[in-house]
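Right, one structure below, let's go through it.
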Amino acid sequence: MAEMDSQPFIASSNPFQGLLTHMAPLNATFVLILNEIDALASIIQIPNSCSWTWRQILHARDWCKHHIRWRIGNGESSFLWQDNWLPSGSEIGNIISPRQLALTGLSWNAKVAEIVRGRAWQFPTGVPSLDTVWQSIDYLPNYNQDDTFFWKGTSSGMYTIQSAWEITRPHHNTCLAHDFNWHVGHIPRQAFMLWLTFNQRLQTLDRVQRFMGPSASTTCVLCGGVEESHDHLFFLCRFSSKIWKSLNTRARIHWPNLPWSRLKFWAIGRYRNKRKTKFIIPKLLLASAIYHIWYERNRRSFNNQFTPAKTVEEDIFQLIRAHLINGVKVDELPPAQRLIWEV
Ligand SMILES: [Zn+2]
């Protein structure tokens, strides 16, 4: 199994076939079925009523295309405009209009070989819109080699079952913030709110106005002076900034003074590691501050109830402290943090 796991793709005229060839030792019957599909890969439609297995197999064709690209040797197997052989993974035919491509004098079904001369490229000239495409190619062809497939899941281009799993599982593609949000000590409702905020999904007043028109008020209810937006609420607003700074002074955590649209990426990069227990505190602080500030904003907007910043800050501190005592392995926290949080 380990040996098979690192086999490269075998070059073929169809990426899907390459994947299937590799998978053959795994399950001969499965591959036999898939090879039948390969013959019809470009024309077969997914029937309305068919078995789950058959449907999944047909869906796999598109999945394969997105994770494999051609690496050009002599260019004889790859279509110039229609195959994804550029380093970016794009197909030229999808980014440049057919009319522009026709100006090169090369047909729609031209092979990459038509712009390969030995070990060098000979790009068509006279079509400015194609210049950036050619400039993006960072390798040379080789007339002594056939075209091969490059698996995007690993830096070596070698297909492995593990890399396929990494790409396929929801964890990988869902969102970079996943590990930051759903760490071992997270508070579910706060993690969800944080996810919304990471993705700019809160219905802040600037967003509401886009749907409702200019008649809707956009003034922040926390400070009463500025348009409400994600950037303003977290944490440029006078009210929320006071809470945020005071909490972090108390927790002895330094955050850069950035607008939310940049701070979130900084936070993910700095604290994403799920295994570091000491990162739990800054993650909880951020999620809790956002949750409580949004909660206070809603109380003011919809219930006309106002809580002072100092009280909100103390609520956040005590909630995190209670959560640490009840839910987190306190003895794994650094001594300095245990002292601050009195746990
Ligand atoms: Zn404000």
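Note on naming: chains are A, B, ... as they come in the structure tokens, residues start from 1 per chain, ligands start from 1 in the order shown.
A distance search around ligand 1 (9 Å at most, only C-alpha atoms and all ligand atoms) returns the following protein and nucleic acid residues: Thr219, Cys220, Val221, Leu222, Cys223, Gly224, Gly225, Val226, Glu227, Glu228, Ser229, His232, Leu233, Phe235, Leu236, Cys237, Arg238, Phe239, Ser240 and Ser241 of chain A.
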What's the 10 Å shell around His186 of chain A, counting only C-alpha atoms, without same-chain residues fewer than 6 positions away, as number ranges by chain?
-> A: 180, 192, 280-281, 283-284, 287-288, 323, 327-328
Output for the residues just chosen: N, CA and C atoms as a compact mmCIF listing (two decimals), in the first residue's frame:
# COMPACT_ATOMS: atom_id res chain seq x y z
N PHE A 180 -8.69 27.84 13.41
CA PHE A 180 -8.73 28.94 14.37
C PHE A 180 -10.06 28.92 15.11
N PHE A 192 -19.19 30.08 15.94
CA PHE A 192 -20.05 30.31 14.78
C PHE A 192 -20.09 31.80 14.41
N ILE A 280 -5.15 28.95 22.99
CA ILE A 280 -6.59 28.92 23.26
C ILE A 280 -7.08 30.27 23.78
N ILE A 281 -6.27 30.90 24.64
CA ILE A 281 -6.70 32.16 25.25
C ILE A 281 -6.92 33.26 24.20
N LYS A 283 -7.56 32.97 21.10
CA LYS A 283 -8.69 32.59 20.25
C LYS A 283 -10.02 32.85 20.98
N LEU A 284 -10.05 32.46 22.25
CA LEU A 284 -11.28 32.69 23.03
C LEU A 284 -11.55 34.18 23.19
N ALA A 287 -12.98 35.57 19.86
CA ALA A 287 -14.35 35.09 19.62
C ALA A 287 -15.32 35.70 20.63
N SER A 288 -14.91 35.77 21.89
CA SER A 288 -15.80 36.29 22.92
C SER A 288 -16.04 37.78 22.75
N HIS A 323 -15.14 29.28 31.55
CA HIS A 323 -14.97 28.27 30.50
C HIS A 323 -13.65 27.52 30.67
N GLY A 327 -14.00 23.76 31.07
CA GLY A 327 -13.92 23.05 29.81
C GLY A 327 -12.54 22.77 29.25
N VAL A 328 -11.52 23.44 29.76
CA VAL A 328 -10.20 23.30 29.16
C VAL A 328 -9.26 22.64 30.16
Would you please extract all alpha helix (DSSP H) residues from segment 91-181 of chain A, as assigned by DSSP on the backbone, and give them as number ranges by chain?
-> A: 92-95, 98-102, 131-135, 161-168, 170-174, 178-181
Go ahead and save the picked residues with N, CA and C atoms, as a tab-separated table (two decimals), in the first residue's frame.
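Okay, out32.tsv is ready:
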chain	number	residue	atom	x	y	z
A	92	ILE	N	-6.35	28.27	-21.54
A	92	ILE	CA	-6.26	29.55	-22.26
A	92	ILE	C	-7.60	29.88	-22.92
A	93	GLY	N	-8.28	28.86	-23.42
A	93	GLY	CA	-9.57	29.08	-24.07
A	93	GLY	C	-10.62	29.65	-23.14
A	94	ASN	N	-10.39	29.56	-21.83
A	94	ASN	CA	-11.34	30.11	-20.86
A	94	ASN	C	-11.02	31.54	-20.48
A	95	ILE	N	-9.81	32.01	-20.80
A	95	ILE	CA	-9.46	33.36	-20.36
A	95	ILE	C	-9.23	34.33	-21.53
A	98	PRO	N	-12.20	33.47	-28.23
A	98	PRO	CA	-11.90	32.71	-29.45
A	98	PRO	C	-11.45	33.62	-30.59
A	99	ARG	N	-12.04	34.84	-30.62
A	99	ARG	CA	-11.66	35.77	-31.70
A	99	ARG	C	-10.19	36.16	-31.59
A	100	GLN	N	-9.74	36.40	-30.39
A	100	GLN	CA	-8.33	36.74	-30.16
A	100	GLN	C	-7.44	35.55	-30.48
A	101	LEU	N	-7.89	34.37	-30.07
A	101	LEU	CA	-7.08	33.17	-30.33
A	101	LEU	C	-6.95	32.92	-31.83
A	102	ALA	N	-8.02	33.22	-32.56
A	102	ALA	CA	-8.00	32.99	-34.02
A	102	ALA	C	-6.95	33.87	-34.70
A	131	ASP	N	0.03	38.04	-24.33
A	131	ASP	CA	1.38	38.22	-23.78
A	131	ASP	C	1.48	37.81	-22.31
A	132	THR	N	0.49	38.22	-21.51
A	132	THR	CA	0.56	37.87	-20.09
A	132	THR	C	0.45	36.36	-19.88
A	133	VAL	N	-0.27	35.71	-20.79
A	133	VAL	CA	-0.38	34.24	-20.70
A	133	VAL	C	0.99	33.62	-20.91
A	134	TRP	N	1.66	34.05	-21.95
A	134	TRP	CA	2.98	33.46	-22.23
A	134	TRP	C	3.97	33.79	-21.11
A	135	GLN	N	3.85	35.00	-20.57
A	135	GLN	CA	4.77	35.39	-19.49
A	135	GLN	C	4.59	34.57	-18.22
A	161	ILE	N	-2.49	8.84	-2.17
A	161	ILE	CA	-3.85	8.71	-1.66
A	161	ILE	C	-4.08	9.71	-0.53
A	162	GLN	N	-3.03	9.90	0.27
A	162	GLN	CA	-3.16	10.84	1.39
A	162	GLN	C	-3.45	12.26	0.89
A	163	SER	N	-2.73	12.67	-0.17
A	163	SER	CA	-2.95	14.04	-0.66
A	163	SER	C	-4.34	14.17	-1.26
A	164	ALA	N	-4.83	13.11	-1.89
A	164	ALA	CA	-6.19	13.15	-2.43
A	164	ALA	C	-7.19	13.31	-1.30
A	165	TRP	N	-6.94	12.62	-0.21
A	165	TRP	CA	-7.81	12.72	0.96
A	165	TRP	C	-7.77	14.13	1.54
A	166	GLU	N	-6.56	14.69	1.62
A	166	GLU	CA	-6.41	16.04	2.16
A	166	GLU	C	-7.19	17.06	1.33
A	167	ILE	N	-7.15	16.87	0.02
A	167	ILE	CA	-7.85	17.81	-0.86
A	167	ILE	C	-9.35	17.61	-0.78
A	168	THR	N	-9.76	16.36	-0.66
A	168	THR	CA	-11.18	16.04	-0.73
A	168	THR	C	-11.94	16.37	0.54
A	170	PRO	N	-13.63	17.96	3.71
A	170	PRO	CA	-14.15	19.30	3.85
A	170	PRO	C	-13.18	20.24	4.56
A	171	HIS	N	-12.41	19.70	5.49
A	171	HIS	CA	-11.49	20.51	6.27
A	171	HIS	C	-10.60	21.36	5.38
A	172	HIS	N	-10.12	20.78	4.30
A	172	HIS	CA	-9.12	21.46	3.48
A	172	HIS	C	-9.69	22.66	2.74
A	173	ASN	N	-10.88	22.51	2.23
A	173	ASN	CA	-11.41	23.55	1.35
A	173	ASN	C	-12.38	24.51	2.03
A	174	THR	N	-12.82	24.14	3.21
A	174	THR	CA	-13.88	24.95	3.79
A	174	THR	C	-13.43	26.38	3.99
A	178	HIS	N	-10.79	27.64	9.72
A	178	HIS	CA	-11.39	26.49	10.39
A	178	HIS	C	-10.66	26.12	11.68
A	179	ASP	N	-9.35	25.94	11.60
A	179	ASP	CA	-8.60	25.54	12.78
A	179	ASP	C	-8.62	26.61	13.86
A	180	PHE	N	-8.69	27.84	13.41
A	180	PHE	CA	-8.73	28.94	14.37
A	180	PHE	C	-10.06	28.92	15.11
A	181	ASN	N	-11.13	28.74	14.36
A	181	ASN	CA	-12.47	28.78	14.96
A	181	ASN	C	-12.78	27.59	15.84
How many Å lie between atom CA of Arg210 of chain A and atom CA of His292 of chain A, rounded to one decimal?
->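 About the pair atom CA of Arg210 of chain A and atom CA of His292 of chain A: they are 25.3 Å apart.
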Find the residues around Gln305 of chain A up to 12 Å (only C-alpha atoms counted), leave out those fewer than 3 positions away in its own chain, and share them as number ranges by chain.
-> A: 221-222, 295-302, 308
Go ahead and save the picked residues with C-alpha atoms, as a PDB file, in the first residue's frame.
ATOM      1  CA  VAL A 221     -25.394  52.288  17.635  1.00  0.00           C
ATOM      2  CA  LEU A 222     -22.391  51.703  19.881  1.00  0.00           C
ATOM      3  CA  TYR A 295     -24.760  41.008  21.267  1.00  0.00           C
ATOM      4  CA  GLU A 296     -24.594  44.486  22.871  1.00  0.00           C
ATOM      5  CA  ARG A 297     -25.136  46.064  19.480  1.00  0.00           C
ATOM      6  CA  ASN A 298     -28.318  44.013  19.036  1.00  0.00           C
ATOM      7  CA  ARG A 299     -29.556  44.812  22.530  1.00  0.00           C
ATOM      8  CA  ARG A 300     -29.220  48.510  21.792  1.00  0.00           C
ATOM      9  CA  SER A 301     -30.761  48.249  18.328  1.00  0.00           C
ATOM     10  CA  PHE A 302     -33.713  46.019  19.077  1.00  0.00           C
ATOM     11  CA  PRO A 308     -21.453  50.157  29.720  1.00  0.00           C
TER      12      PRO A 308
END
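Counting from atom CA of Trp195 of chain A, the distance to atom CA of Glu313 of chain A is 21.3 Å.
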State, in Å with one decimal place, the distance from atom CA of Pro87 of chain A to atom CA of Ser136 of chain A.
->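 If I compute the distance from atom CA of Pro87 of chain A to atom CA of Ser136 of chain A, I get 7.1 Å.
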Residue nearest Gln203 of chain A - candidates A:Val312, A:Ile72, A:Thr218, A:Leu324, atoms counted: only C-alpha atoms |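 Checking each candidate against Gln203 of chain A, we get A:Thr218 as the closest.
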What lies within 10 Å of segment 198-201 of chain A using only C-alpha atoms, ignoring chain neighbours under 2 positions off, as a list in words?
->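 After dropping sequence-adjacent residues, the list is Cys175, Leu176, Ala177, Asn181, Phe192, Met193, Leu194, Trp195, Leu196, Gln203, Thr204, Arg207, Ser229, His230, Asp231, Trp260, Ser261, Leu263, Lys264, Phe265 and Ile268 of chain A.
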Would you mind exporting N, CA and C atoms of the selected residues as a compact mmCIF listing (two decimals), in the first residue's frame?
# COMPACT_ATOMS: atom_id res chain seq x y z
N CYS A 175 -12.36 26.56 4.71
CA CYS A 175 -11.97 27.92 5.04
C CYS A 175 -10.69 27.89 5.85
N LEU A 176 -9.85 28.86 5.60
CA LEU A 176 -8.58 28.91 6.32
C LEU A 176 -8.80 29.10 7.81
N ALA A 177 -9.92 29.68 8.17
CA ALA A 177 -10.18 30.00 9.57
C ALA A 177 -10.64 28.78 10.37
N ASN A 181 -11.13 28.74 14.36
CA ASN A 181 -12.47 28.78 14.96
C ASN A 181 -12.78 27.59 15.84
N PHE A 192 -19.19 30.08 15.94
CA PHE A 192 -20.05 30.31 14.78
C PHE A 192 -20.09 31.80 14.41
N MET A 193 -20.24 32.64 15.45
CA MET A 193 -20.26 34.09 15.21
C MET A 193 -18.94 34.55 14.61
N LEU A 194 -17.86 33.96 15.11
CA LEU A 194 -16.54 34.32 14.59
C LEU A 194 -16.44 33.92 13.11
N TRP A 195 -16.98 32.75 12.80
CA TRP A 195 -16.96 32.29 11.40
C TRP A 195 -17.71 33.28 10.50
N LEU A 196 -18.88 33.73 10.98
CA LEU A 196 -19.65 34.72 10.21
C LEU A 196 -18.84 35.99 10.01
N GLN A 203 -24.93 40.94 9.31
CA GLN A 203 -25.75 41.94 8.61
C GLN A 203 -25.48 43.32 9.20
N THR A 204 -24.28 43.81 9.02
CA THR A 204 -23.95 45.16 9.50
C THR A 204 -24.71 46.17 8.64
N ARG A 207 -24.07 46.84 5.01
CA ARG A 207 -24.53 45.79 4.10
C ARG A 207 -26.05 45.89 3.92
N SER A 229 -19.84 48.93 10.08
CA SER A 229 -19.32 47.93 9.14
C SER A 229 -18.53 46.91 9.96
N HIS A 230 -18.09 45.85 9.33
CA HIS A 230 -17.25 44.88 10.06
C HIS A 230 -15.97 45.56 10.55
N ASP A 231 -15.35 46.32 9.68
CA ASP A 231 -14.10 46.99 10.06
C ASP A 231 -14.31 47.95 11.23
N TRP A 260 -10.32 45.12 10.76
CA TRP A 260 -10.74 43.72 10.82
C TRP A 260 -10.38 42.92 9.56
N SER A 261 -10.54 43.55 8.41
CA SER A 261 -10.28 42.85 7.15
C SER A 261 -8.83 42.35 7.06
N LEU A 263 -6.85 42.17 10.22
CA LEU A 263 -6.57 41.55 11.52
C LEU A 263 -6.93 40.06 11.51
N LYS A 264 -8.02 39.72 10.83
CA LYS A 264 -8.46 38.32 10.83
C LYS A 264 -7.40 37.42 10.19
N PHE A 265 -6.77 37.90 9.13
CA PHE A 265 -5.74 37.07 8.50
C PHE A 265 -4.49 36.97 9.39
N ILE A 268 -5.37 34.41 12.10
CA ILE A 268 -5.35 33.03 11.60
C ILE A 268 -3.91 32.55 11.45
Counting only C-alpha atoms, the option among A:Val127, A:Gln82, A:Arg71, A:Ser77 closest to Phe150 of chain A =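 Closest candidate: A:Arg71.
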